[in-house]
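With TSV, C-alpha atoms inside, this is coords.tsv:
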```
chain	number	residue	atom	x	y	z
A	1	MET	CA	153.36	100.13	116.87
A	2	ILE	CA	153.65	96.67	115.36
A	3	TYR	CA	152.77	96.41	111.67
A	4	THR	CA	152.17	93.04	110.03
A	5	LEU	CA	152.05	91.80	106.45
A	6	THR	CA	150.10	88.74	105.30
A	7	LEU	CA	150.21	88.26	101.53
A	8	ASN	CA	148.27	84.99	101.61
A	9	PRO	CA	145.61	85.40	104.33
A	10	ALA	CA	142.71	83.05	104.86
A	11	LEU	CA	139.41	82.56	106.56
A	12	ASP	CA	139.81	79.66	108.96
A	13	ARG	CA	136.61	77.68	109.43
A	14	THR	CA	136.93	75.32	112.41
A	15	LEU	CA	134.35	72.55	112.75
A	16	ARG	CA	133.97	70.41	115.89
A	17	VAL	CA	132.68	66.87	115.35
A	18	ARG	CA	132.47	63.70	117.40
A	19	ASN	CA	134.03	60.50	115.99
A	20	LEU	CA	134.85	61.74	112.50
A	21	ALA	CA	133.77	59.12	109.97
A	22	PHE	CA	134.88	58.98	106.34
A	23	ASP	CA	132.46	58.05	103.55
A	24	ASP	CA	129.60	58.99	105.87
A	25	ALA	CA	127.67	62.03	107.08
A	26	ASN	CA	129.12	63.82	110.12
A	27	ARG	CA	127.15	66.13	112.36
A	28	VAL	CA	128.90	69.42	113.16
A	29	ILE	CA	128.61	70.24	116.86
A	30	SER	CA	129.87	73.81	116.57
A	31	GLU	CA	131.63	76.09	114.10
A	32	GLN	CA	133.98	79.05	114.45
A	33	ARG	CA	135.40	81.36	111.80
A	34	PHE	CA	138.50	83.51	112.18
A	35	ALA	CA	140.54	85.88	110.07
A	36	ALA	CA	143.81	84.00	109.69
A	37	GLY	CA	147.27	83.95	108.19
A	38	LYS	CA	150.56	84.23	110.04
A	39	GLY	CA	150.84	88.02	110.08
A	40	ILE	CA	147.17	88.39	110.94
A	41	ASP	CA	147.69	85.96	113.84
A	42	VAL	CA	150.50	88.19	115.09
A	43	SER	CA	148.22	91.23	114.94
A	44	ARG	CA	145.43	89.40	116.78
A	45	VAL	CA	147.80	88.40	119.59
A	46	VAL	CA	149.26	91.91	119.83
A	47	ILE	CA	145.73	93.26	120.35
A	48	GLU	CA	144.95	90.53	122.91
A	49	LEU	CA	148.08	91.48	124.88
A	50	GLY	CA	147.26	95.20	124.85
A	51	GLY	CA	149.51	96.42	122.03
A	52	SER	CA	148.82	98.45	118.88
A	53	THR	CA	148.96	97.08	115.36
A	54	VAL	CA	148.01	97.59	111.71
A	55	ALA	CA	147.63	94.59	109.37
A	56	PHE	CA	148.61	94.87	105.70
A	57	GLY	CA	148.08	92.32	102.94
A	58	PHE	CA	145.89	91.21	100.06
A	59	ALA	CA	142.13	90.63	100.26
A	60	GLY	CA	139.73	89.69	97.48
A	61	GLY	CA	136.11	88.83	96.77
A	62	TYR	CA	133.46	87.88	99.32
A	63	GLY	CA	136.06	86.01	101.35
A	64	GLY	CA	138.21	89.12	101.52
A	65	ALA	CA	135.25	91.22	102.63
A	66	GLU	CA	134.54	88.75	105.44
A	67	LEU	CA	138.23	88.72	106.38
A	68	GLU	CA	138.26	92.49	106.79
A	69	GLY	CA	134.97	92.39	108.70
A	70	ARG	CA	136.27	89.80	111.14
A	71	LEU	CA	139.45	91.79	111.70
A	72	LYS	CA	137.37	94.86	112.46
A	73	GLN	CA	135.26	92.80	114.86
A	74	ALA	CA	138.47	91.63	116.58
A	75	GLY	CA	139.71	95.21	116.94
A	76	VAL	CA	142.54	94.83	114.41
A	77	PRO	CA	142.99	97.85	112.10
A	78	ALA	CA	143.67	96.70	108.52
A	79	ASP	CA	144.81	98.36	105.32
A	80	PHE	CA	144.61	95.82	102.50
A	81	VAL	CA	145.17	95.95	98.77
A	82	HIS	CA	142.06	94.54	97.09
A	83	ILE	CA	142.73	91.94	94.42
A	84	GLY	CA	140.54	90.35	91.77
A	85	SER	CA	140.84	86.77	93.08
A	86	GLU	CA	138.98	85.34	96.06
A	87	THR	CA	140.63	85.12	99.50
A	88	ARG	CA	141.00	81.45	100.41
A	89	THR	CA	139.11	79.53	103.09
A	90	ASN	CA	140.76	76.78	105.14
A	91	VAL	CA	138.68	74.11	106.84
A	92	ILE	CA	139.89	72.63	110.13
A	93	VAL	CA	138.00	69.63	111.53
A	94	ARG	CA	138.55	68.81	115.20
A	95	ASP	CA	137.36	65.48	116.54
A	96	ILE	CA	136.51	66.10	120.20
A	97	GLU	CA	136.68	62.39	121.02
A	98	THR	CA	140.24	61.81	119.81
A	99	ASN	CA	141.40	65.46	119.94
A	100	SER	CA	142.75	64.97	116.41
A	101	ILE	CA	142.82	67.82	113.91
A	102	THR	CA	142.37	67.48	110.14
A	103	ALA	CA	143.33	70.64	108.24
A	104	LEU	CA	142.28	71.29	104.64
A	105	ASN	CA	144.32	74.29	103.51
A	106	ALA	CA	143.25	75.95	100.29
A	107	ALA	CA	145.63	77.33	97.67
A	108	GLY	CA	146.12	81.05	97.66
A	109	PRO	CA	144.56	83.37	95.07
A	110	TYR	CA	146.62	84.70	92.19
A	111	ALA	CA	148.02	88.22	92.63
A	112	THR	CA	148.82	90.10	89.43
A	113	GLN	CA	151.94	92.18	88.89
A	114	VAL	CA	149.82	95.33	89.04
A	115	GLU	CA	148.32	94.28	92.37
A	116	TYR	CA	151.77	93.48	93.76
A	117	GLU	CA	153.06	96.89	92.66
A	118	GLN	CA	150.05	98.53	94.33
A	119	LEU	CA	151.06	96.84	97.57
A	120	LEU	CA	154.65	98.09	97.26
A	121	GLU	CA	153.41	101.64	96.62
A	122	LYS	CA	151.16	101.45	99.68
A	123	LEU	CA	154.05	100.32	101.86
A	124	LYS	CA	156.34	103.01	100.47
A	125	GLY	CA	153.82	105.80	101.04
A	126	TYR	CA	152.42	104.82	104.44
A	127	LYS	CA	152.93	107.21	107.36
A	128	TYR	CA	154.48	104.87	109.92
A	129	LYS	CA	155.03	105.33	113.61
A	130	SER	CA	158.23	103.88	115.02
A	131	GLY	CA	158.22	100.19	115.83
A	132	PHE	CA	158.35	96.80	114.13
A	133	PHE	CA	157.16	95.41	110.80
A	134	VAL	CA	156.45	91.66	110.87
A	135	ILE	CA	156.44	89.87	107.50
A	136	SER	CA	155.00	86.38	107.83
A	137	GLY	CA	153.90	83.32	105.92
A	138	SER	CA	153.64	82.26	102.31
A	139	ALA	CA	153.09	84.37	99.21
A	140	PRO	CA	150.31	83.73	96.69
A	141	PRO	CA	151.01	82.78	93.06
A	142	GLY	CA	152.14	85.80	91.08
A	143	VAL	CA	154.31	87.29	93.83
A	144	PRO	CA	158.07	86.99	93.11
A	145	ALA	CA	160.31	84.87	95.35
A	146	ASP	CA	162.40	87.93	96.29
A	147	ALA	CA	159.34	89.92	97.43
A	148	TYR	CA	160.22	89.81	101.12
A	149	ARG	CA	163.74	91.08	100.48
A	150	ASP	CA	162.32	94.10	98.64
A	151	ILE	CA	159.67	94.72	101.31
A	152	ILE	CA	162.28	94.51	104.07
A	153	ASN	CA	164.31	97.19	102.28
A	154	ILE	CA	161.21	99.40	102.04
A	155	VAL	CA	160.32	99.20	105.73
A	156	LYS	CA	163.94	99.55	106.85
A	157	GLY	CA	163.98	102.79	104.87
A	158	SER	CA	161.12	103.97	107.08
A	159	ASN	CA	163.23	103.27	110.21
A	160	LEU	CA	161.18	100.22	111.20
A	161	ARG	CA	162.77	97.03	112.48
A	162	ALA	CA	161.83	94.24	110.08
A	163	VAL	CA	160.93	90.77	111.39
A	164	LEU	CA	160.72	87.85	108.96
A	165	ASP	CA	158.92	84.56	109.58
A	166	ALA	CA	158.84	82.53	106.37
A	167	ASP	CA	160.13	79.35	104.75
A	168	GLY	CA	161.87	78.16	101.60
A	169	GLU	CA	162.93	80.64	98.94
A	170	LEU	CA	161.00	83.48	100.57
A	171	LEU	CA	163.15	83.09	103.68
A	172	LYS	CA	166.38	82.43	101.79
A	173	LYS	CA	166.02	85.53	99.64
A	174	GLY	CA	164.41	87.54	102.43
A	175	ILE	CA	167.47	87.38	104.68
A	176	GLN	CA	169.43	89.10	101.90
A	177	GLY	CA	167.58	92.22	103.08
A	178	LYS	CA	169.22	91.74	106.51
A	179	PRO	CA	166.10	91.99	108.68
A	180	PHE	CA	166.37	92.84	112.36
A	181	MET	CA	165.08	89.39	113.27
A	182	ILE	CA	163.97	86.08	111.81
A	183	LYS	CA	161.93	83.37	113.55
A	184	PRO	CA	162.36	79.97	111.87
A	185	ASN	CA	161.43	76.73	113.54
A	186	SER	CA	164.06	73.99	113.63
A	187	HIS	CA	162.77	72.39	110.39
A	188	GLU	CA	162.84	75.72	108.51
A	189	LEU	CA	166.33	76.37	109.86
A	190	ARG	CA	167.54	73.02	108.53
A	191	ARG	CA	166.05	73.72	105.09
A	192	LEU	CA	167.58	77.20	105.05
A	193	LEU	CA	171.13	76.18	105.90
A	194	GLY	CA	171.12	72.59	104.61
A	195	ILE	CA	172.57	71.19	107.85
A	196	ASP	CA	171.32	68.96	110.64
A	197	VAL	CA	169.75	70.96	113.44
A	198	GLU	CA	168.88	68.83	116.45
A	199	GLY	CA	169.07	69.92	120.05
A	200	ILE	CA	169.88	73.23	121.67
A	201	GLU	CA	173.59	73.27	120.84
A	202	GLN	CA	173.11	72.74	117.09
A	203	VAL	CA	170.28	75.26	117.00
A	204	GLN	CA	172.49	77.84	118.71
A	205	THR	CA	175.33	77.19	116.26
A	206	ALA	CA	173.01	77.57	113.27
A	207	ALA	CA	171.46	80.75	114.65
A	208	THR	CA	174.91	82.21	115.28
A	209	LYS	CA	175.79	81.53	111.63
A	210	LEU	CA	172.71	83.52	110.56
A	211	ARG	CA	173.82	86.45	112.72
A	212	GLU	CA	177.15	86.36	110.89
A	213	MET	CA	175.14	86.69	107.65
A	214	GLY	CA	173.69	90.02	108.81
A	215	VAL	CA	170.53	89.10	110.72
A	216	GLU	CA	170.69	90.91	114.06
A	217	SER	CA	168.50	88.57	116.11
A	218	VAL	CA	167.44	84.96	115.56
A	219	VAL	CA	164.69	83.20	117.51
A	220	VAL	CA	164.29	79.50	116.75
A	221	SER	CA	161.06	77.92	117.96
A	222	MET	CA	161.29	74.29	119.06
A	223	GLY	CA	157.64	73.57	119.79
A	224	ALA	CA	156.86	72.38	123.31
A	225	ASP	CA	160.62	72.21	124.03
A	226	GLY	CA	160.92	76.01	124.01
A	227	ALA	CA	162.99	78.45	121.95
A	228	VAL	CA	166.57	79.59	121.41
A	229	LEU	CA	167.48	83.26	121.02
A	230	VAL	CA	170.80	84.51	119.67
A	231	CYS	CA	171.12	88.32	119.74
A	232	GLU	CA	173.41	91.17	120.72
A	233	GLU	CA	172.88	90.36	124.42
A	234	GLY	CA	174.06	86.75	123.99
A	235	SER	CA	172.48	83.34	123.50
A	236	PHE	CA	169.54	82.10	125.58
A	237	PHE	CA	167.23	79.12	125.87
A	238	ALA	CA	163.68	79.52	127.14
A	239	LYS	CA	161.75	76.49	128.38
A	240	PRO	CA	158.00	76.75	128.97
A	241	PRO	CA	156.12	74.72	131.57
A	242	LYS	CA	154.26	71.65	130.38
A	243	VAL	CA	150.70	72.44	129.35
A	244	GLU	CA	147.78	70.33	128.24
A	245	ALA	CA	147.91	71.21	124.56
A	246	LEU	CA	144.70	71.27	122.54
A	247	SER	CA	146.13	72.65	119.30
A	248	PRO	CA	149.58	73.86	118.18
A	249	VAL	CA	148.08	76.08	115.45
A	250	GLY	CA	149.33	79.66	115.76
A	251	ALA	CA	151.85	78.98	118.54
A	252	GLY	CA	154.80	80.24	116.48
A	253	ASP	CA	152.93	83.39	115.49
A	254	SER	CA	152.00	83.97	119.13
A	255	LEU	CA	155.69	83.64	120.06
A	256	VAL	CA	156.60	86.30	117.48
A	257	ALA	CA	153.85	88.63	118.73
A	258	GLY	CA	154.85	88.31	122.37
A	259	PHE	CA	158.57	88.71	121.69
A	260	VAL	CA	158.20	91.74	119.43
A	261	LEU	CA	155.62	93.36	121.73
A	262	GLY	CA	158.04	92.92	124.61
A	263	LEU	CA	160.82	94.71	122.74
A	264	ASP	CA	158.41	97.40	121.55
A	265	THR	CA	157.41	98.15	125.14
A	266	GLY	CA	160.99	98.37	126.37
A	267	LEU	CA	161.61	94.90	127.80
A	268	SER	CA	165.03	93.30	127.52
A	269	PHE	CA	165.64	90.52	125.00
A	270	CYS	CA	165.42	87.92	127.79
A	271	GLU	CA	162.14	89.24	129.18
A	272	SER	CA	160.74	89.55	125.67
A	273	LEU	CA	161.70	85.94	124.99
A	274	LYS	CA	159.85	84.88	128.16
A	275	LEU	CA	156.75	86.74	127.01
A	276	GLY	CA	156.96	85.22	123.54
A	277	VAL	CA	157.43	81.65	124.76
A	278	ALA	CA	154.57	82.13	127.23
A	279	ALA	CA	152.32	83.36	124.42
A	280	GLY	CA	153.22	80.34	122.30
A	281	ALA	CA	152.49	77.92	125.14
A	282	ALA	CA	149.23	79.72	125.98
A	283	CYS	CA	148.15	79.42	122.36
A	284	ALA	CA	148.40	75.64	122.62
A	285	LEU	CA	145.77	75.74	125.38
A	286	THR	CA	143.07	76.91	122.97
A	287	PRO	CA	141.30	74.62	120.48
A	288	GLY	CA	141.36	74.85	116.69
A	289	THR	CA	142.66	78.14	115.34
A	290	GLU	CA	141.90	80.21	118.42
A	291	LEU	CA	144.94	82.04	119.76
A	292	CYS	CA	146.29	82.77	123.23
A	293	LYS	CA	144.37	84.49	126.02
A	294	TYR	CA	145.83	87.36	128.04
A	295	GLU	CA	145.33	85.66	131.41
A	296	ASP	CA	146.98	82.42	130.27
A	297	VAL	CA	150.00	84.24	128.84
A	298	TYR	CA	150.82	86.10	132.05
A	299	MET	CA	150.16	83.06	134.21
A	300	ILE	CA	152.58	80.95	132.14
A	301	ARG	CA	155.14	83.75	131.81
A	302	SER	CA	156.15	83.44	135.48
A	303	GLU	CA	156.93	79.75	134.93
A	304	VAL	CA	159.12	80.12	131.83
A	305	GLN	CA	162.72	79.21	132.64
A	306	ILE	CA	165.58	81.13	130.98
A	307	GLU	CA	169.09	79.71	130.63
A	308	GLN	CA	172.03	81.66	129.23
A	309	LEU	CA	174.01	79.57	126.77
A	310	ALA	CA	177.79	79.57	126.53
```

With the file now loaded, output its structure as structure tokens.
Amino acid sequence: MIYTLTLNPALDRTLRVRNLAFDDANRVISEQRFAAGKGIDVSRVVIELGGSTVAFGFAGGYGGAELEGRLKQAGVPADFVHIGSETRTNVIVRDIETNSITALNAAGPYATQVEYEQLLEKLKGYKYKSGFFVISGSAPPGVPADAYRDIINIVKGSNLRAVLDADGELLKKGIQGKPFMIKPNSHELRRLLGIDVEGIEQVQTAATKLREMGVESVVVSMGADGAVLVCEEGSFFAKPPKVEALSPVGAGDSLVAGFVLGLDTGLSFCESLKLGVAAGAACALTPGTELCKYEDVYMIRSEVQIEQLA
């Protein structure tokens, strides 16, 4: 089982237009709406790839009700704490002529101390199966900066392997909980350690330093260039095939989902990395905030190249 936590989820509203014009009326060709947020994206990909998941997080107001409804429609079981503020809606405009994407990301709703404590009590009392707990994304106003560290300690106490995918202070304080794995991209890694991180060798060195700080496994996503894994089995670089990318949105979350699902089903670290990188590349094939498709993932997986690093 793969559990996910999204403290700042959203409804993503993707609009397709032709020749987006400012200071003028634009006709919307089509519209799609998805339950979104980094942990929710992980859960959606896990379901797409045949795994089992439960999504935790905050949901509020009419937006929260729609979020839960869309998760149910997508086959994703959810167990949210309901808050008094409205779940945010992001608007993504895709110009089909230029293939450009304009994202308008809303601020998250405020979560009170009582609501945050309700979440912690839910996580402490939940009857978990064995598996992974993926903690992803930003936190809404009202949630303390050390929240992920405390949540990691809770889930580790339930014999789950904690996976952290965050940025800034949430990541910096979160790794104090010594999660099983973190998945920064190269920019987040640079901000975390305050050093230049360019190219495979520097990424490997930085990831090795994080292992020395108590993180068991580090996967660093490098966009279309692939990903570096440093773990107990060694250091590896995975390079995906070139694909005709329509949108990079959700590629990192898809990588996390594929990698963790691989480990959860008994694959080696290398084979799990191949599955994760394939899922990330397959995600780029879909427009807007759609995520990867099963058929694309397993087609690309056979073309992912793995290199063991010295």

Quick one: residues within 12 Å of range 236-243 of chain A, all atoms listed in the file, excluding same-chain residues fewer than 4 positions away - as a CSV table (one decimal) with C-alpha atoms, keeping the file's coordinate frame?
```csv
chain,number,residue,atom,x,y,z
A,199,GLY,CA,169.1,69.9,120.0
A,200,ILE,CA,169.9,73.2,121.7
A,201,GLU,CA,173.6,73.3,120.8
A,203,VAL,CA,170.3,75.3,117.0
A,204,GLN,CA,172.5,77.8,118.7
A,207,ALA,CA,171.5,80.8,114.6
A,208,THR,CA,174.9,82.2,115.3
A,217,SER,CA,168.5,88.6,116.1
A,218,VAL,CA,167.4,85.0,115.6
A,219,VAL,CA,164.7,83.2,117.5
A,220,VAL,CA,164.3,79.5,116.8
A,221,SER,CA,161.1,77.9,118.0
A,222,MET,CA,161.3,74.3,119.1
A,223,GLY,CA,157.6,73.6,119.8
A,224,ALA,CA,156.9,72.4,123.3
A,225,ASP,CA,160.6,72.2,124.0
A,226,GLY,CA,160.9,76.0,124.0
A,227,ALA,CA,163.0,78.4,122.0
A,228,VAL,CA,166.6,79.6,121.4
A,229,LEU,CA,167.5,83.3,121.0
A,230,VAL,CA,170.8,84.5,119.7
A,231,CYS,CA,171.1,88.3,119.7
A,232,GLU,CA,173.4,91.2,120.7
A,247,SER,CA,146.1,72.6,119.3
A,248,PRO,CA,149.6,73.9,118.2
A,255,LEU,CA,155.7,83.6,120.1
A,259,PHE,CA,158.6,88.7,121.7
A,269,PHE,CA,165.6,90.5,125.0
A,270,CYS,CA,165.4,87.9,127.8
A,271,GLU,CA,162.1,89.2,129.2
A,272,SER,CA,160.7,89.6,125.7
A,273,LEU,CA,161.7,85.9,125.0
A,274,LYS,CA,159.8,84.9,128.2
A,275,LEU,CA,156.8,86.7,127.0
A,276,GLY,CA,157.0,85.2,123.5
A,277,VAL,CA,157.4,81.6,124.8
A,278,ALA,CA,154.6,82.1,127.2
A,279,ALA,CA,152.3,83.4,124.4
A,280,GLY,CA,153.2,80.3,122.3
A,281,ALA,CA,152.5,77.9,125.1
A,282,ALA,CA,149.2,79.7,126.0
A,283,CYS,CA,148.2,79.4,122.4
A,284,ALA,CA,148.4,75.6,122.6
A,285,LEU,CA,145.8,75.7,125.4
A,286,THR,CA,143.1,76.9,123.0
A,296,ASP,CA,147.0,82.4,130.3
A,297,VAL,CA,150.0,84.2,128.8
A,299,MET,CA,150.2,83.1,134.2
A,300,ILE,CA,152.6,81.0,132.1
A,301,ARG,CA,155.1,83.8,131.8
A,302,SER,CA,156.2,83.4,135.5
A,303,GLU,CA,156.9,79.8,134.9
A,304,VAL,CA,159.1,80.1,131.8
A,305,GLN,CA,162.7,79.2,132.6
A,306,ILE,CA,165.6,81.1,131.0
A,307,GLU,CA,169.1,79.7,130.6
A,308,GLN,CA,172.0,81.7,129.2
A,309,LEU,CA,174.0,79.6,126.8
A,310,ALA,CA,177.8,79.6,126.5
```

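Between Gly63 in chain A and the candidates A:Leu11, A:Gly37, A:Arg27, A:Asp79, the tightest atom-to-atom separation, counting only C-alpha atoms, involves A:Leu11.
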
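Note that CA of Ile135 in chain A and CA of Glu117 in chain A are 16.8 Å apart.
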
**Report entry** Shell of 7 Å around Gly51 in chain A, only C-alpha atoms, local chain residues under 4 positions omitted, as a list in words
**Finding:** Val46, Ile47 and Leu261 of chain A

Mind giving me the axis-aligned box for range 39-50 of chain A with 5 Å on every side, centre plus edges in Å to one decimal, as AutoDock Vina command-line options?
```
--center_x 147.9 --center_y 90.6 --center_z 117.5 --size_x 15.9 --size_y 19.2 --size_z 24.8
```

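From CA of Leu192 in chain A back to CA of Lys173 in chain A, the distance works out to 10.1 Å.
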
Report task. Would you list the residues near (160.8, 102.3, 115.2) (no more than 6 Å away, in the coordinates of the file, using all atoms listed in the file) as a ChimeraX atom specification? Result -> /A:130-131,159-160

Can those selected residues be exported to a file as a short mmCIF file (atom, residue, chain, number, x, y, z; two decimals), in the frame of the given file so that it contains C-alpha atoms?
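Writing the result to out29.cif gives the following:
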```cif
data_model
loop_
_atom_site.label_atom_id
_atom_site.label_comp_id
_atom_site.auth_asym_id
_atom_site.auth_seq_id
_atom_site.Cartn_x
_atom_site.Cartn_y
_atom_site.Cartn_z
CA SER A 130 158.23 103.88 115.02
CA GLY A 131 158.22 100.19 115.83
CA ASN A 159 163.23 103.27 110.21
CA LEU A 160 161.18 100.22 111.20
#
```

Report task. Write out as a ChimeraX atom specification which residues come within 12 Å of Arg149 in chain A when counting all atoms listed in the file, dropping same-chain ones fewer than 3 positions away. Result -> /A:120,135,144-146,152-156,162-164,166,169-179

Can you pull out every residue within 9 Å of Leu193 in chain A, counting only C-alpha atoms, but drop anything in the same chain fewer than 5 positions away, and send it as a short mmCIF file (atom, residue, chain, number, x, y, z; two decimals) with C-alpha atoms, in the frame of the given file?
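Result file is around.cif:
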```
data_model
loop_
_atom_site.label_atom_id
_atom_site.label_comp_id
_atom_site.auth_asym_id
_atom_site.auth_seq_id
_atom_site.Cartn_x
_atom_site.Cartn_y
_atom_site.Cartn_z
CA LYS A 172 166.38 82.43 101.79
CA GLU A 188 162.84 75.72 108.51
CA ALA A 206 173.01 77.57 113.27
CA LEU A 210 172.71 83.52 110.56
#
```

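The coordinates place CA of Ile29 in chain A at 7.4 Å from CA of Leu15 in chain A.
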
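With all atoms listed in the file as the atoms that count, the residue of A:Leu67, A:Val45, A:Val81, A:Leu123 with the shortest distance to Val260 in chain A is A:Val45.
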
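Distance annotation: of A:Gly234, A:Met181, A:Ser43, A:Gly157, the residue with the minimal separation from Met213 in chain A is A:Met181; atom set is all atoms listed in the file.
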
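Comparing A:Glu212, A:Glu115, A:Asp165, A:Asp264 by their smallest distance to Gly50 in chain A, the closest is A:Asp264 (using only C-alpha atoms).
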
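Residue nearest Asn105 in chain A within the list A:Asn185, A:Ser158, A:Asn90, A:Asn26: A:Asn90 [criterion: smallest interatomic distance, only C-alpha atoms].
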
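With all atoms listed in the file as the atoms that count, the residue of A:Pro141, A:Gly252, A:Gly125, A:Gly214 with the shortest distance to Ser186 in chain A is A:Gly252.
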